[in-house]
Each structure stands twice: as structure tokens, then as C-alpha cells.
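K.L.:
Sharing start_33.cif below, mmCIF, C-alpha atoms:
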data_coords
#
loop_
_atom_site.group_PDB
_atom_site.id
_atom_site.type_symbol
_atom_site.label_atom_id
_atom_site.label_comp_id
_atom_site.auth_asym_id
_atom_site.auth_seq_id
_atom_site.Cartn_x
_atom_site.Cartn_y
_atom_site.Cartn_z
ATOM 1 C CA MET A 1 0.000 0.000 0.000
ATOM 2 C CA ALA A 2 1.343 3.474 -0.920
ATOM 3 C CA LEU A 3 2.559 5.644 1.955
ATOM 4 C CA ASP A 4 0.078 8.382 0.983
ATOM 5 C CA LYS A 5 -2.834 5.939 1.366
ATOM 6 C CA THR A 6 -1.447 4.631 4.674
ATOM 7 C CA CYS A 7 -1.160 8.194 6.007
ATOM 8 C CA LYS A 8 -4.807 8.818 5.103
ATOM 9 C CA LEU A 9 -5.866 5.687 6.962
ATOM 10 C CA ALA A 10 -3.748 6.743 9.940
ATOM 11 C CA TRP A 11 -5.408 10.173 9.917
ATOM 12 C CA LEU A 12 -8.832 8.513 9.949
ATOM 13 C CA VAL A 13 -7.905 6.286 12.890
ATOM 14 C CA ASP A 14 -6.306 9.166 14.794
ATOM 15 C CA THR A 15 -9.303 11.453 14.286
ATOM 16 C CA ILE A 16 -11.854 8.866 15.410
ATOM 17 C CA TYR A 17 -9.656 7.795 18.339
ATOM 18 C CA LYS A 18 -9.286 11.359 19.627
ATOM 19 C CA ALA A 19 -13.008 12.066 19.247
ATOM 20 C CA LYS A 20 -13.946 8.692 20.811
ATOM 21 C CA LYS A 21 -17.236 8.907 18.844
ATOM 22 C CA ILE A 22 -17.853 10.992 15.726
ATOM 23 C CA SER A 23 -20.477 11.279 12.991
ATOM 24 C CA PHE A 24 -19.592 10.919 9.336
ATOM 25 C CA GLU A 25 -20.558 14.570 8.761
ATOM 26 C CA GLU A 26 -18.140 15.773 11.470
ATOM 27 C CA LEU A 27 -15.440 13.458 10.152
ATOM 28 C CA ASN A 28 -15.927 14.759 6.617
ATOM 29 C CA CYS A 29 -15.686 18.351 7.827
ATOM 30 C CA LYS A 30 -12.352 17.672 9.549
ATOM 31 C CA TRP A 31 -11.168 15.798 6.442
ATOM 32 C CA LYS A 32 -11.851 18.767 4.135
ATOM 33 C CA GLU A 33 -10.081 21.114 6.574
ATOM 34 C CA ASN A 34 -6.922 18.999 6.243
ATOM 35 C CA GLU A 35 -6.064 20.141 2.737
ATOM 36 C CA ASP A 36 -2.613 18.476 2.756
ATOM 37 C CA LEU A 37 -4.327 15.072 2.696
ATOM 38 C CA SER A 38 -7.752 15.829 1.210
ATOM 39 C CA GLY A 39 -6.909 18.577 -1.266
ATOM 40 C CA GLY A 40 -10.086 20.221 0.044
ATOM 41 C CA VAL A 41 -12.223 17.491 -1.539
ATOM 42 C CA GLU A 42 -14.847 15.796 0.616
ATOM 43 C CA MET A 43 -14.693 12.114 1.444
ATOM 44 C CA MET A 44 -17.292 9.966 -0.297
ATOM 45 C CA LYS A 45 -19.181 7.561 1.948
ATOM 46 C CA ARG A 46 -18.254 4.562 -0.191
ATOM 47 C CA THR A 47 -14.595 5.593 0.141
ATOM 48 C CA PHE A 48 -15.009 5.775 3.916
ATOM 49 C CA HIS A 49 -16.447 2.244 4.080
ATOM 50 C CA LYS A 50 -13.650 0.934 1.866
ATOM 51 C CA TRP A 51 -11.083 2.614 4.117
ATOM 52 C CA LYS A 52 -12.688 1.029 7.184
ATOM 53 C CA LYS A 53 -11.873 -2.372 5.674
ATOM 54 C CA ASP A 54 -8.362 -1.210 4.750
ATOM 55 C CA ILE A 55 -7.821 0.004 8.331
ATOM 56 C CA PHE A 56 -8.655 -3.454 9.639
ATOM 57 C CA ASP A 57 -6.314 -5.088 7.111
ATOM 58 C CA THR A 58 -3.469 -2.630 7.823
ATOM 59 C CA PHE A 59 -3.754 -1.885 11.547
ATOM 60 C CA GLY A 60 -6.107 -4.598 12.831
ATOM 61 C CA LEU A 61 -8.561 -1.957 14.132
ATOM 62 C CA ILE A 62 -12.346 -2.313 13.854
ATOM 63 C CA ILE A 63 -14.474 0.789 13.176
ATOM 64 C CA GLU A 64 -18.227 0.472 13.700
ATOM 65 C CA SER A 65 -21.185 2.820 14.151
ATOM 66 C CA GLU A 66 -23.451 3.082 17.172
ATOM 67 C CA LYS A 67 -26.874 1.575 16.954
ATOM 68 C CA GLY A 68 -30.083 3.487 17.560
ATOM 69 C CA GLY A 69 -29.925 5.967 14.725
ATOM 70 C CA SER A 70 -27.052 8.173 15.960
ATOM 71 C CA TYR A 71 -24.556 6.595 13.526
ATOM 72 C CA ASN A 72 -21.530 7.869 15.446
ATOM 73 C CA TYR A 73 -18.410 5.942 14.511
ATOM 74 C CA TYR A 74 -15.944 4.586 17.069
ATOM 75 C CA ILE A 75 -13.035 2.136 17.297
ATOM 76 C CA VAL A 76 -14.262 -1.110 18.853
ATOM 77 C CA ASN A 77 -10.826 -2.370 19.947
ATOM 78 C CA ALA A 78 -9.260 1.043 20.712
ATOM 79 C CA GLU A 79 -7.174 -0.486 23.526
ATOM 80 C CA ASP A 80 -5.146 -2.353 20.877
ATOM 81 C CA ILE A 81 -3.630 0.967 19.786
ATOM 82 C CA LYS A 82 -1.363 0.837 22.838
ATOM 83 C CA ASN A 83 0.000 -2.605 21.945
ATOM 84 C CA CYS A 84 3.595 -2.912 20.752
ATOM 85 C CA SER A 85 3.378 -4.211 17.185
ATOM 86 C CA ILE A 86 4.529 -3.329 13.704
ATOM 87 C CA GLU A 87 0.973 -2.212 12.840
ATOM 88 C CA ASN A 88 0.830 0.254 15.712
ATOM 89 C CA TRP A 89 4.370 1.457 15.090
ATOM 90 C CA LEU A 90 3.294 2.206 11.513
ATOM 91 C CA LEU A 91 0.139 3.931 12.776
ATOM 92 C CA SER A 92 2.155 6.089 15.192
ATOM 93 C CA THR A 93 4.731 6.993 12.529
ATOM 94 C CA CYS A 94 2.088 8.004 9.982
ATOM 95 C CA SER A 95 0.128 9.980 12.594
ATOM 96 C CA VAL A 96 3.238 11.989 13.466
ATOM 97 C CA SER A 97 3.946 12.522 9.744
ATOM 98 C CA ASN A 98 0.421 13.860 9.281
ATOM 99 C CA SER A 99 0.846 16.246 12.213
ATOM 100 C CA LEU A 100 4.105 17.557 10.759
ATOM 101 C CA LEU A 101 2.515 18.032 7.323
ATOM 102 C CA GLU A 102 -0.106 20.274 8.942
ATOM 103 C CA CYS A 103 2.626 22.394 10.540
ATOM 104 C CA LYS A 104 4.649 23.552 7.532
ATOM 105 C CA THR A 105 4.024 27.185 8.472
ATOM 106 C CA ILE A 106 5.897 26.710 11.759
ATOM 107 C CA LYS A 107 8.519 24.244 10.545
ATOM 108 C CA ASN A 108 11.354 26.450 11.871
ATOM 109 C CA ARG A 109 9.924 25.893 15.370
ATOM 110 C CA ILE A 110 9.912 22.079 15.147
ATOM 111 C CA LEU A 111 13.297 20.569 15.969
ATOM 112 C CA LEU A 112 13.811 16.925 14.987
ATOM 113 C CA GLU A 113 16.452 14.421 16.014
ATOM 114 C CA ASN A 114 18.825 13.307 13.296
ATOM 115 C CA VAL A 115 18.490 9.614 12.406
ATOM 116 C CA PRO A 116 21.665 7.850 11.182
ATOM 117 C CA SER A 117 21.897 6.904 7.523
ATOM 118 C CA GLY A 118 21.373 3.196 8.224
ATOM 119 C CA ARG A 119 17.894 3.502 6.727
ATOM 120 C CA GLU A 120 19.649 3.531 3.344
ATOM 121 C CA TYR A 121 20.046 -0.241 3.679
ATOM 122 C CA LEU A 122 16.757 -1.010 5.443
ATOM 123 C CA ASP A 123 14.688 -1.454 2.282
ATOM 124 C CA PRO A 124 17.121 -3.806 0.495
ATOM 125 C CA ILE A 125 17.557 -5.833 3.690
ATOM 126 C CA LEU A 126 13.785 -6.154 4.110
ATOM 127 C CA SER A 127 13.532 -7.237 0.476
ATOM 128 C CA ALA A 128 16.212 -9.879 1.050
ATOM 129 C CA MET A 129 14.355 -11.056 4.178
ATOM 130 C CA LYS A 130 11.105 -11.461 2.245
ATOM 131 C CA GLU A 131 12.880 -13.538 -0.389
ATOM 132 C CA ASN A 132 15.106 -15.427 2.127
ATOM 133 C CA ARG A 133 18.081 -14.276 0.088
ATOM 134 C CA PHE A 134 21.710 -14.198 1.278
ATOM 135 C CA ILE A 135 23.401 -10.793 1.334
ATOM 136 C CA HIS A 136 26.996 -9.579 1.037
ATOM 137 C CA ILE A 137 27.879 -6.669 3.316
ATOM 138 C CA THR A 138 31.022 -4.699 4.072
ATOM 139 C CA TYR A 139 30.857 -3.860 7.778
ATOM 140 C CA TYR A 140 32.861 -1.424 9.881
ATOM 141 C CA ASN A 141 33.777 -2.644 13.375
ATOM 142 C CA TYR A 142 34.216 0.114 15.981
ATOM 143 C CA TRP A 143 36.394 -1.960 18.277
ATOM 144 C CA ARG A 144 38.832 -3.203 15.643
ATOM 145 C CA GLY A 145 38.628 -0.069 13.534
ATOM 146 C CA ASP A 146 38.483 -1.999 10.251
ATOM 147 C CA GLU A 147 36.096 -3.099 7.503
ATOM 148 C CA ARG A 148 35.394 -6.762 6.735
ATOM 149 C CA GLU A 149 33.248 -8.697 4.287
ATOM 150 C CA HIS A 150 30.335 -10.772 5.623
ATOM 151 C CA TYR A 151 28.072 -13.246 3.809
ATOM 152 C CA VAL A 152 24.944 -13.670 5.920
ATOM 153 C CA MET A 153 21.312 -14.747 6.103
ATOM 154 C CA PRO A 154 19.263 -11.677 7.164
ATOM 155 C CA LEU A 155 17.036 -13.171 9.878
ATOM 156 C CA CYS A 156 15.336 -10.149 11.463
ATOM 157 C CA VAL A 157 15.655 -6.415 12.090
ATOM 158 C CA LYS A 158 15.134 -4.446 15.307
ATOM 159 C CA LEU A 159 14.802 -0.725 15.986
ATOM 160 C CA PHE A 160 16.455 0.582 19.150
ATOM 161 C CA ARG A 161 17.257 4.154 20.123
ATOM 162 C CA GLN A 162 16.828 5.609 16.633
ATOM 163 C CA ARG A 163 19.062 2.943 15.054
ATOM 164 C CA TRP A 164 18.188 -0.097 12.975
ATOM 165 C CA TYR A 165 19.921 -3.409 13.678
ATOM 166 C CA MET A 166 19.930 -6.711 11.777
ATOM 167 C CA VAL A 167 20.494 -10.201 13.099
ATOM 168 C CA GLY A 168 22.443 -12.071 10.434
ATOM 169 C CA ARG A 169 23.532 -15.710 10.470
ATOM 170 C CA VAL A 170 27.042 -15.977 9.055
ATOM 171 C CA TRP A 171 27.151 -18.673 6.387
ATOM 172 C CA SER A 172 30.702 -19.852 7.125
ATOM 173 C CA THR A 173 30.323 -20.210 10.927
ATOM 174 C CA ASN A 174 26.548 -20.547 11.426
ATOM 175 C CA GLN A 175 26.922 -17.826 14.083
ATOM 176 C CA ASP A 176 24.221 -15.187 14.676
ATOM 177 C CA ILE A 177 25.665 -11.662 14.771
ATOM 178 C CA ILE A 178 23.938 -8.314 15.345
ATOM 179 C CA TYR A 179 24.856 -5.655 12.781
ATOM 180 C CA CYS A 180 24.092 -1.939 13.109
ATOM 181 C CA LEU A 181 22.836 -0.730 9.735
ATOM 182 C CA ASP A 182 24.620 2.628 9.891
ATOM 183 C CA ARG A 183 27.976 0.780 10.024
ATOM 184 C CA ILE A 184 27.337 -1.032 6.740
ATOM 185 C CA ARG A 185 29.663 0.436 4.131
ATOM 186 C CA ALA A 186 28.538 -1.635 1.119
ATOM 187 C CA PHE A 187 25.634 -3.950 0.351
ATOM 188 C CA ARG A 188 24.897 -6.481 -2.382
ATOM 189 C CA PRO A 189 22.130 -9.100 -2.547
ATOM 190 C CA SER A 190 23.233 -12.621 -3.423
ATOM 191 C CA SER A 191 21.732 -14.776 -6.141
ATOM 192 C CA HIS A 192 21.433 -17.628 -3.614
ATOM 193 C CA LYS A 193 18.510 -18.219 -1.277
ATOM 194 C CA PHE A 194 18.229 -20.035 2.066
ATOM 195 C CA ASP A 195 15.593 -21.860 4.073
ATOM 196 C CA PHE A 196 14.673 -19.810 7.121
ATOM 197 C CA PRO A 197 16.201 -21.677 10.100
ATOM 198 C CA LYS A 198 13.640 -23.472 12.253
ATOM 199 C CA ASP A 199 15.810 -22.943 15.332
ATOM 200 C CA PHE A 200 15.510 -19.150 15.170
ATOM 201 C CA ASP A 201 12.625 -17.084 16.551
ATOM 202 C CA PRO A 202 13.140 -13.292 16.784
ATOM 203 C CA GLN A 203 10.957 -12.947 19.880
ATOM 204 C CA ASP A 204 12.834 -15.717 21.699
ATOM 205 C CA TYR A 205 16.201 -14.373 20.556
ATOM 206 C CA PHE A 206 15.568 -10.994 22.217
ATOM 207 C CA LEU A 207 13.567 -12.383 25.150
ATOM 208 C CA GLY A 208 14.463 -10.482 28.305
ATOM 209 C CA CYS A 209 16.727 -8.040 26.475
ATOM 210 C CA PHE A 210 16.712 -4.392 27.493
ATOM 211 C CA GLY A 211 18.061 -3.230 24.170
ATOM 212 C CA ILE A 212 20.047 -4.786 21.377
ATOM 213 C CA ILE A 213 22.533 -6.983 23.258
ATOM 214 C CA ALA A 214 21.202 -10.556 23.119
ATOM 215 C CA ASP A 215 23.755 -12.375 25.241
ATOM 216 C CA GLN A 216 22.342 -15.888 25.636
ATOM 217 C CA ASP A 217 24.988 -16.612 28.297
ATOM 218 C CA CYS A 218 23.478 -13.875 30.474
ATOM 219 C CA ASN A 219 20.431 -15.409 32.134
ATOM 220 C CA ILE A 220 17.133 -13.622 32.667
ATOM 221 C CA GLU A 221 16.989 -12.441 36.282
ATOM 222 C CA THR A 222 14.864 -10.219 38.485
ATOM 223 C CA VAL A 223 16.578 -6.831 38.648
ATOM 224 C CA LYS A 224 15.422 -4.552 41.467
ATOM 225 C CA LEU A 225 15.949 -0.828 41.112
ATOM 226 C CA LYS A 226 15.489 1.819 43.784
ATOM 227 C CA VAL A 227 14.509 5.039 42.022
ATOM 228 C CA THR A 228 14.139 8.545 43.422
ATOM 229 C CA ALA A 229 10.566 9.858 43.577
ATOM 230 C CA GLY A 230 11.176 12.396 40.815
ATOM 231 C CA GLN A 231 12.807 9.921 38.426
ATOM 232 C CA ALA A 232 10.137 7.303 39.171
ATOM 233 C CA ASN A 233 7.620 9.445 37.286
ATOM 234 C CA TYR A 234 9.696 9.086 34.114
ATOM 235 C CA LEU A 235 9.912 5.302 34.496
ATOM 236 C CA ARG A 236 6.156 5.073 34.952
ATOM 237 C CA ASP A 237 5.560 6.979 31.726
ATOM 238 C CA LEU A 238 8.343 5.256 29.778
ATOM 239 C CA PRO A 239 9.148 1.828 31.293
ATOM 240 C CA LEU A 240 12.659 0.452 30.854
ATOM 241 C CA HIS A 241 11.208 -2.926 29.818
ATOM 242 C CA GLU A 242 7.781 -4.461 29.229
ATOM 243 C CA SER A 243 8.244 -6.633 32.347
ATOM 244 C CA GLN A 244 8.670 -3.589 34.619
ATOM 245 C CA LYS A 245 6.541 -3.580 37.779
ATOM 246 C CA GLU A 246 6.455 -1.061 40.627
ATOM 247 C CA THR A 247 6.578 -3.066 43.854
ATOM 248 C CA GLU A 248 7.119 -0.344 46.462
ATOM 249 C CA THR A 249 6.182 3.333 46.570
ATOM 250 C CA THR A 250 7.142 5.900 49.195
ATOM 251 C CA ASP A 251 7.351 9.692 49.305
ATOM 252 C CA ASP A 252 11.113 9.537 48.686
ATOM 253 C CA TYR A 253 11.582 6.594 46.315
ATOM 254 C CA SER A 254 10.012 3.689 44.462
ATOM 255 C CA VAL A 255 11.249 0.167 43.790
ATOM 256 C CA PHE A 256 10.839 -1.326 40.322
ATOM 257 C CA GLU A 257 11.395 -4.944 39.307
ATOM 258 C CA LEU A 258 12.326 -6.102 35.811
ATOM 259 C CA ARG A 259 12.749 -9.604 34.400
ATOM 260 C CA VAL A 260 15.692 -8.992 32.080
ATOM 261 C CA ARG A 261 19.176 -10.032 31.076
ATOM 262 C CA PRO A 262 21.455 -7.622 33.007
ATOM 263 C CA THR A 263 23.668 -6.865 30.014
ATOM 264 C CA TYR A 264 26.054 -4.025 29.231
ATOM 265 C CA ASP A 265 23.390 -1.825 27.607
ATOM 266 C CA LEU A 266 21.203 -2.036 30.732
ATOM 267 C CA GLN A 267 24.271 -1.097 32.794
ATOM 268 C CA GLN A 268 24.763 1.949 30.547
ATOM 269 C CA GLU A 269 21.136 2.968 30.996
ATOM 270 C CA ILE A 270 21.388 2.755 34.787
ATOM 271 C CA LEU A 271 24.611 4.786 34.846
ATOM 272 C CA TRP A 272 22.985 7.351 32.547
ATOM 273 C CA ASN A 273 20.443 7.973 35.325
ATOM 274 C CA MET A 274 23.341 8.782 37.685
ATOM 275 C CA ASP A 275 22.381 8.893 41.376
ATOM 276 C CA ASN A 276 18.647 8.696 40.654
ATOM 277 C CA VAL A 277 18.752 4.904 40.238
ATOM 278 C CA GLU A 278 20.342 2.323 42.542
ATOM 279 C CA VAL A 279 20.577 -1.391 41.806
ATOM 280 C CA LEU A 280 19.401 -3.464 44.776
ATOM 281 C CA GLU A 281 19.499 -6.934 43.219
ATOM 282 C CA PRO A 282 21.094 -9.117 41.956
ATOM 283 C CA LYS A 283 24.226 -8.518 44.019
ATOM 284 C CA TRP A 284 26.667 -9.306 41.203
ATOM 285 C CA PHE A 285 25.014 -6.668 38.988
ATOM 286 C CA ARG A 286 24.987 -4.170 41.849
ATOM 287 C CA ASP A 287 28.722 -4.795 42.286
ATOM 288 C CA GLU A 288 29.310 -4.197 38.550
ATOM 289 C CA ILE A 289 27.519 -0.846 38.713
ATOM 290 C CA LYS A 290 29.433 0.043 41.886
ATOM 291 C CA GLY A 291 32.724 -0.820 40.180
ATOM 292 C CA ALA A 292 31.834 1.305 37.139
ATOM 293 C CA ALA A 293 30.901 4.230 39.411
ATOM 294 C CA LYS A 294 34.255 3.949 41.197
ATOM 295 C CA ARG A 295 36.127 3.974 37.901
ATOM 296 C CA ILE A 296 34.223 7.076 36.817
ATOM 297 C CA LEU A 297 35.065 8.799 40.101
ATOM 298 C CA ALA A 298 38.736 7.789 39.736
ATOM 299 C CA ASN A 299 38.862 9.494 36.347
ATOM 300 C CA TYR A 300 37.837 12.779 37.930
ATOM 301 C CA LYS A 301 40.146 12.407 40.929
ATOM 302 C CA SER A 302 43.202 12.000 38.697
ATOM 303 C CA LYS A 303 42.874 15.470 37.135
#
Reformat the file's structure so that it appears as C-alpha cells.

P.N.:
Amino acid sequence: MALDKTCKLAWLVDTIYKAKKISFEELNCKWKENEDLSGGVEMMKRTFHKWKKDIFDTFGLIIESEKGGSYNYYIVNAEDIKNCSIENWLLSTCSVSNSLLECKTIKNRILLENVPSGREYLDPILSAMKENRFIHITYYNYWRGDEREHYVMPLCVKLFRQRWYMVGRVWSTNQDIIYCLDRIRAFRPSSHKFDFPKDFDPQDYFLGCFGIIADQDCNIETVKLKVTAGQANYLRDLPLHESQKETETTDDYSVFELRVRPTYDLQQEILWNMDNVEVLEPKWFRDEIKGAAKRILANYKSK
């Protein structure tokens, strides 16, 4: 489906969702006011009913009208909009795009975050994934400071902190490696195809992961964090992980529990919060954070 059509569907969902219930006449009025999408032309009722079906096919959302003659339209399964899925990510992205299109007159007052150029390779990688086709990539390694050739099966992609990553199974070693797309220096699809490995499931691969590090040797554990009252508000609004639960609340602090792999990227996130977050359990992870904090302090003492 073309992006323009998807954005129109997203606008329709967003408008009905915000209104909770809305008549076709009110919807049509709002549609004509949005000239960037409508061109000032009203929406035909048959088009609306076709788009209702397209919305279900694209986003899995059901739009129905009230009974009893009022004919106000609403989203039956509106709670699904909060679910984490590719459909809702697409809905959110298109909704934001629509909002920005309506704000061209104040574009100098809207400051956006730069996204690395890894998206250049996202489309060809997705195409290779759909065809189960091997790919050749030239990849730059930060730690070694060199470029090397890799011949891999593209198994899945994951978005984390504004960067796209790919899990690729190396043909020569059968090893699964995570590649950051903005470190790919060259890309070429292979003429050879592969059978998608039955032993790989993207959800299982990243089970319990905070971010992009999927260290299978690091077991999933209960991590307890003591968070200052002010910082706790941020964690409630934007949880560190889907497993996050608040188990204790006081005027001064809260305690959150997560079922995660305590990997290096989670350690970085905790240190980023400075003295607002303290690891209570497990002890070995607490000791790692304590050791990192001491090394940071030593750096400042030596100057």
C-alpha cells in the first residue's frame, strides 16, 4: 500500500480515536479542513467504508457505528492501539507525519532528532528477508577499527534508540551476529537463497533483552531498582522494559522490578540515570555498577 494511502488511513484512525465517537458529517468536515491530505475534496461515503476495511487489514482496528440511529463511529478495539506491534508502530509513525505536514508554516519551530543513515540499507535488507536471500555486506567494526566482508542470512531487524539493527547468520560459521545498519559500508544481494532456520525465533532471541545486546549466556533475572521519587515518574511513563513492575512506593523513592538479562546496555542505561537509580538486586550486577561508578570517580580524581 502506498505511503500516501497509509497516512490517510492513519489520519482517519487518529481522528476517530481522539473524538472517541464521531459522525460521518463531522469526520468529513475535519477531512476537508486537512487540505494536505484531502486537497479540500470531501470524502465519499463509499470511500469511507472501503477505508474502514483497509484500516482493519493494515492496523487490525475495527471501526463500527453506534446503533439506535445516531450513527456515530468509534473504534471497537481502541485499547489495541497501545500494543507494541509493527501495525501500531506504523500507525504512530504516519500519525506523526500527518501532524508535521499540517505544521509547515511553523517548521522552523519544530526541531527533529537526526536519524543515522542506516535507513539507506533497510529497504534492500527487508527485500532480502522477504525472499530469504543471502546478502553480502562490508561492515565497519568500531572496536577493531576496520572493515570486513560478511556473507549472511538476514534473519530479522530491530529498531532501538533511533538505530536499525539486523540479526544475520554468518554462512561460514553458522553464528548469529547483530549488525548496526549505519555501520554497513557496502551492500549487495546474493543470487542464492536459504531456508529460514527453524531454530531461530526473533521474539525468543531478544527475550528479556533491554536493548540490542542478546547475550544468551546472560540469564534472565529479576533486577530490582530503587529510584528517586522524581525519576520514578519518568519510568512510569516510559518503562525500561515491558516486564517492569512497581513493587514499592514511598514519598522519597520507588522500587521497580524487571525480568531482564542484566547486560552491558542495561548497565549503561542505569549509569545514565546517575544517582537517581540504585541497583538493589542481583548482588553481582549491583557490584558491577558500583565498580563502574568507582572507575568514573577515579577518572575525575586523577585530574

K.L.:
Please return as a list in words every residue within 12 Å of (33.8, -1.5, 4.3), taking into account all atoms listed in the file and the file's own coordinates.

P.N.:
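Protein, DNA and RNA residues close to (33.8, -1.5, 4.3): His136, Ile137, Thr138, Tyr139, Tyr140, Asn141, Tyr142, Gly145, Asp146, Glu147, Arg148, Glu149, His150, Asp182, Arg183, Ile184, Arg185, Ala186 and Phe187 of chain A.
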
K.L.:
If you take only C-alpha atoms and a cut-off of 12 Å, which residues of region 115-210 of chain A touch region 256-263 of chain A, and what are their nearest atom pairs and distances in Å to one decimal, in chain and number order, as a Markdown table?

P.N.:
| residue | atom | partner | partner_atom | distance |
| --- | --- | --- | --- | --- |
| A:Tyr205 | CA | A:Arg261 | CA | 11.8 |
| A:Phe206 | CA | A:Arg261 | CA | 9.6 |
| A:Leu207 | CA | A:Val260 | CA | 8.0 |
| A:Gly208 | CA | A:Val260 | CA | 4.2 |
| A:Cys209 | CA | A:Arg261 | CA | 5.6 |
| A:Phe210 | CA | A:Val260 | CA | 6.6 |

K.L.:
Determine the residue membership of the PyMOL selection byres ((chain A and resi 78) around 9) for the file above and supply it as a list in words.

P.N.:
Tyr17, Lys20, Leu61, Ile62, Tyr74, Ile75, Val76, Asn77, Glu79, Asp80, Ile81 and Lys82 of chain A

K.L.:
Need to verify the contact set: Cys7 (chain A), 7 Å, all atoms listed in the file, exclusion of same-chain residues closer than 5 positions in sequence. Can you return it as a ChimeraX atom specification?

P.N.:
/A:94-95,98

K.L.:
Out of A:Lys5, A:Val277, A:Thr222, A:Asn72, which residue has the shortest atom-to-atom distance to Leu27 (chain A) when counting all atoms listed in the file?

P.N.:
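Among the listed residues, A:Asn72 lies closest to Leu27 (chain A).
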
K.L.:
I want to know what sits within 10 Å of region 43-48 of chain A, based on all atoms listed in the file, with residues of the same chain fewer than 6 positions away left out; could you give that as a PyMOL selection string?

P.N.:
chain A and resi 9+12+24-25+27-29+31-32+54

K.L.:
Within 12 Å of region 286-288 of chain A, counting all atoms listed in the file, which residues qualify if same-chain residues fewer than 4 places away don't, as a list in words?

P.N.:
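Residues near the query, excluding close chain neighbours: Val223, Lys224, Leu225, Lys226, Pro262, Thr263, Tyr264, Leu266, Gln267, Gln268, Ile270, Leu271, Val277, Glu278, Val279, Leu280, Glu281, Pro282, Ala292, Ala293, Lys294 and Arg295 of chain A.
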
K.L.:
Just how far from CA of Ile213 (chain A) is CA of Glu269 (chain A), in Å to one decimal?

P.N.:
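Value for the CA of Glu269 (chain A)-CA of Ile213 (chain A) distance: 12.7 Å.
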
K.L.:
Measuring atom to atom with all atoms listed in the file, identify which of A:Lys245, A:Arg161, A:Lys104, A:Arg188 is nearest to Arg133 (chain A).

P.N.:
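Nearest to Arg133 (chain A): A:Arg188.
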
K.L.:
Selected by the PyMOL selection byres ((chain A and resi 122) around 12) in the shown coordinates: which residues, as a list of chain:residue names?

P.N.:
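That selection, the PyMOL selection byres ((chain A and resi 122) around 12), comes back as A:Pro116, A:Ser117, A:Gly118, A:Arg119, A:Glu120, A:Tyr121, A:Asp123, A:Pro124, A:Ile125, A:Leu126, A:Ser127, A:Ala128, A:Met129, A:Pro154, A:Cys156, A:Val157, A:Lys158, A:Leu159, A:Arg163, A:Trp164, A:Tyr165, A:Met166, A:Tyr179, A:Cys180, A:Leu181, A:Asp182, A:Ile184, A:Phe187.
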
K.L.:
Produce region 146-151 of chain A of the given structure as output with all heavy atoms, as a short mmCIF file (atom, residue, chain, number, x, y, z; two decimals), in the first residue's frame.

P.N.:
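So the final result, stored in decode_6.cif, reads:
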data_model
loop_
_atom_site.label_atom_id
_atom_site.label_comp_id
_atom_site.auth_asym_id
_atom_site.auth_seq_id
_atom_site.Cartn_x
_atom_site.Cartn_y
_atom_site.Cartn_z
N ASP A 146 38.25 -1.56 11.63
CA ASP A 146 38.48 -2.00 10.25
C ASP A 146 37.18 -2.42 9.58
O ASP A 146 36.13 -2.52 10.23
CB ASP A 146 39.49 -3.15 10.21
CG ASP A 146 38.98 -4.41 10.93
OD1 ASP A 146 37.81 -4.42 11.39
OD2 ASP A 146 39.73 -5.40 11.04
N GLU A 147 37.23 -2.63 8.29
CA GLU A 147 36.10 -3.10 7.50
C GLU A 147 36.33 -4.54 7.07
O GLU A 147 37.44 -4.88 6.66
CB GLU A 147 35.89 -2.22 6.26
CG GLU A 147 35.52 -0.79 6.57
CD GLU A 147 35.32 0.04 5.32
OE1 GLU A 147 35.44 -0.55 4.21
OE2 GLU A 147 35.06 1.25 5.43
N ARG A 148 35.28 -5.37 7.15
CA ARG A 148 35.39 -6.76 6.73
C ARG A 148 34.15 -7.18 5.95
O ARG A 148 33.06 -6.63 6.14
CB ARG A 148 35.58 -7.69 7.94
CG ARG A 148 36.87 -7.41 8.71
CD ARG A 148 37.17 -8.47 9.73
NE ARG A 148 38.39 -8.16 10.49
CZ ARG A 148 38.93 -8.95 11.40
NH1 ARG A 148 38.36 -10.12 11.69
NH2 ARG A 148 40.03 -8.59 12.03
N GLU A 149 34.34 -8.17 5.11
CA GLU A 149 33.25 -8.70 4.29
C GLU A 149 32.49 -9.78 5.06
O GLU A 149 33.10 -10.61 5.75
CB GLU A 149 33.79 -9.30 2.99
CG GLU A 149 34.61 -8.33 2.14
CD GLU A 149 33.78 -7.17 1.64
OE1 GLU A 149 32.62 -7.41 1.24
OE2 GLU A 149 34.29 -6.03 1.66
N HIS A 150 31.17 -9.77 4.96
CA HIS A 150 30.34 -10.77 5.62
C HIS A 150 29.30 -11.29 4.62
O HIS A 150 28.71 -10.51 3.86
CB HIS A 150 29.62 -10.17 6.84
CG HIS A 150 30.53 -9.65 7.90
ND1 HIS A 150 30.78 -10.32 9.07
CD2 HIS A 150 31.27 -8.51 7.96
CE1 HIS A 150 31.62 -9.62 9.81
NE2 HIS A 150 31.93 -8.50 9.17
N TYR A 151 29.08 -12.60 4.66
CA TYR A 151 28.07 -13.25 3.81
C TYR A 151 27.07 -13.88 4.75
O TYR A 151 27.38 -14.87 5.44
CB TYR A 151 28.73 -14.29 2.92
CG TYR A 151 27.82 -14.96 1.93
CD1 TYR A 151 27.09 -14.23 0.99
CD2 TYR A 151 27.69 -16.35 1.91
CE1 TYR A 151 26.26 -14.86 0.08
CE2 TYR A 151 26.87 -16.99 0.99
CZ TYR A 151 26.15 -16.23 0.08
OH TYR A 151 25.33 -16.86 -0.83
#
